[in-house]
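Below you'll find the structure, written out as structure tokens, and then a few comments.
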There are 2 protein chains.
Amino acid sequence: MTGTASPALRTALAYYQAWTSHNLDKAMSYIADDIVCDAPAGRLEGAGAYRGFLGPFVQIVTGATMIAAFGDDQTALVMYDTQTVPVKSAPGAECVTVKDGKITYSRFVFDRAPFEAARNAAT
Amino acid sequence: MTGTASPALRTALAYYQAWTSHNLDKAMSYIADDIVCDAPAGRLEGAGAYRGFLGPFVQIVTGATMIAAFGDDQTALVMYDTQTVPVKSAPGAECVTVKDGKITYSRFVFDRAPFEAARNAAT
């Protein structure tokens, strides 16, 4: 695992630490106003849209474990497992571009299938 | 992006190059006989089970683009996008443990939802 010598990784890890601690405002402080995020459900543009995506997720997260985290000057790549209320193990991976301590672009991968299954089971 | 100085990343990239070239046998040459892979659908144990998972996927892949790749001595973390017959953009992330040039453990993340939707639409 690359140390915190990578500026991009430092930001990515601070962001991870914030949202896994349910601190949405702190997490959003690492998100650029004009962030673009390509997520499984499609593209999110702007901090408002991103907050609308992250906020509900943060509310259902009960735990998180970092699996691996690497980075260089501008890019960080992390994979983690999360425990959530509807899905016991929901791993995700994020590749982020960081400029001046803010995440300007994020490519986000996770499996929506177990969340859809939990939603269907609840209805 | 970390250079090929990382032994684990060298193996992960050679593996990626092989399966994205539809060379299943070459890809499997980088997989340890006793591989354990935690994939969205559950745990796969052993090269036979892994081949049964990778083989059908390789057949539907029509293109792939590496998004980011990092590694150290034993671990590599990659994220890529794939184009497949049923799903136009199907990104994935793999965190692999490498020993003696073979992948012994893989944590694999991708979104099953669009594949399930394509399967449902076809039936």
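Ordering of the structure tokens sets the chain letters (A, B, ...); residue numbers start at 1 within each chain; ligands are numbered from 1 in the order shown.
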
Distance query Ala90 of chain A at most 10 Å, only C-alpha atoms, self and fewer than 4 positions along chain excluded, as a list in words: Val61, Ala64, Tyr80, Asp81, Thr82, Gln83, Thr84, Pro86, Phe110, Asp111, Arg112, Pro114 and Phe115 of chain A; Pro40 and Val109 of chain B

Which of segment 19-87 of chain B fall in strand (DSSP E or B), as a PyMOL selection string: chain B and resi 31-39+42-45+61-71+75-84

Neighbours of chain B in chain A at 12 Å, counting only C-alpha atoms, as a ChimeraX atom specification: /A:1-3,6,8-9,38-42,66-81,89-97,106-117

Near-segment 19-26 of chain A list (12 Å; only C-alpha atoms; drop same-chain fewer than 4 positions) as a VMD selection string: chain A and resid 11 to 15 30 to 31 47 to 48 50 to 66 80 to 84 102

Keeping only C-alpha atoms, write the selected residues to a file as a compact mmCIF listing (two decimals), in the first residue's frame.
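Okay, out_29.txt is ready:
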# COMPACT_ATOMS: atom_id res chain seq x y z
CA THR A 11 -7.21 13.52 0.07
CA ALA A 12 -8.90 10.25 -0.87
CA LEU A 13 -8.16 8.78 2.57
CA ALA A 14 -9.34 11.91 4.40
CA TYR A 15 -12.54 11.77 2.38
CA TYR A 30 -13.04 17.22 -0.10
CA ILE A 31 -15.42 17.32 -3.06
CA ALA A 47 -21.42 18.83 -5.55
CA GLY A 48 -25.17 19.07 -5.00
CA TYR A 50 -22.97 14.18 -5.37
CA ARG A 51 -24.24 15.03 -1.90
CA GLY A 52 -27.66 13.70 -2.88
CA PHE A 53 -25.98 10.42 -3.73
CA LEU A 54 -23.56 10.21 -0.79
CA GLY A 55 -25.92 11.42 1.93
CA PRO A 56 -28.40 8.52 1.85
CA PHE A 57 -25.55 6.02 1.56
CA VAL A 58 -23.75 7.44 4.59
CA GLN A 59 -26.96 6.97 6.59
CA ILE A 60 -27.06 3.21 5.95
CA VAL A 61 -23.32 2.52 6.42
CA THR A 62 -22.59 0.74 9.69
CA GLY A 63 -18.92 -0.09 9.08
CA ALA A 64 -16.11 0.03 6.55
CA THR A 65 -12.76 -1.65 6.01
CA MET A 66 -10.10 -0.44 3.58
CA TYR A 80 -12.97 -1.00 0.52
CA ASP A 81 -15.68 -3.16 1.97
CA THR A 82 -18.69 -1.60 3.64
CA GLN A 83 -21.26 -3.04 5.96
CA THR A 84 -24.67 -1.48 5.42
CA LYS A 102 -10.42 18.40 -3.79

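Separating atom CA of Met28 of chain B from atom CA of Ala118 of chain B is a distance of 27.5 Å.
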
Filtered DSSP result for chain A, state helix (DSSP H, G or I), as a count of residues only: 43

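Using only C-alpha atoms, the protein and nucleic acid residues lying no more than 7 Å from Asp34 of chain A, apart from those fewer than 3 places from it along its own chain, are Glu45, Gly46, Ala47 and Thr104 of chain A.
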
Take the residues from that selection and write them out as a PDB file, in the first residue's frame, keeping N, CA, C and O atoms.
ATOM      1  N   GLU A  45     -23.212  15.211 -11.763  1.00  0.00           N
ATOM      2  CA  GLU A  45     -22.447  16.423 -12.028  1.00  0.00           C
ATOM      3  C   GLU A  45     -22.732  17.474 -10.977  1.00  0.00           C
ATOM      4  O   GLU A  45     -23.881  17.867 -10.765  1.00  0.00           O
ATOM      5  N   GLY A  46     -21.664  17.919 -10.312  1.00  0.00           N
ATOM      6  CA  GLY A  46     -21.781  18.977  -9.319  1.00  0.00           C
ATOM      7  C   GLY A  46     -21.901  18.431  -7.906  1.00  0.00           C
ATOM      8  O   GLY A  46     -22.381  17.315  -7.673  1.00  0.00           O
ATOM      9  N   ALA A  47     -21.447  19.260  -6.944  1.00  0.00           N
ATOM     10  CA  ALA A  47     -21.415  18.833  -5.548  1.00  0.00           C
ATOM     11  C   ALA A  47     -22.815  18.553  -4.998  1.00  0.00           C
ATOM     12  O   ALA A  47     -22.991  17.674  -4.154  1.00  0.00           O
ATOM     13  N   THR A 104     -12.065  16.095  -8.053  1.00  0.00           N
ATOM     14  CA  THR A 104     -12.729  16.735  -9.194  1.00  0.00           C
ATOM     15  C   THR A 104     -13.414  15.724 -10.097  1.00  0.00           C
ATOM     16  O   THR A 104     -14.327  16.069 -10.846  1.00  0.00           O
TER      17      THR A 104
END

Counting only C-alpha atoms, the residue of A:Lys88, A:Arg119, A:Arg43, A:Arg10 that sits nearest Ile103 of chain A: A:Arg10
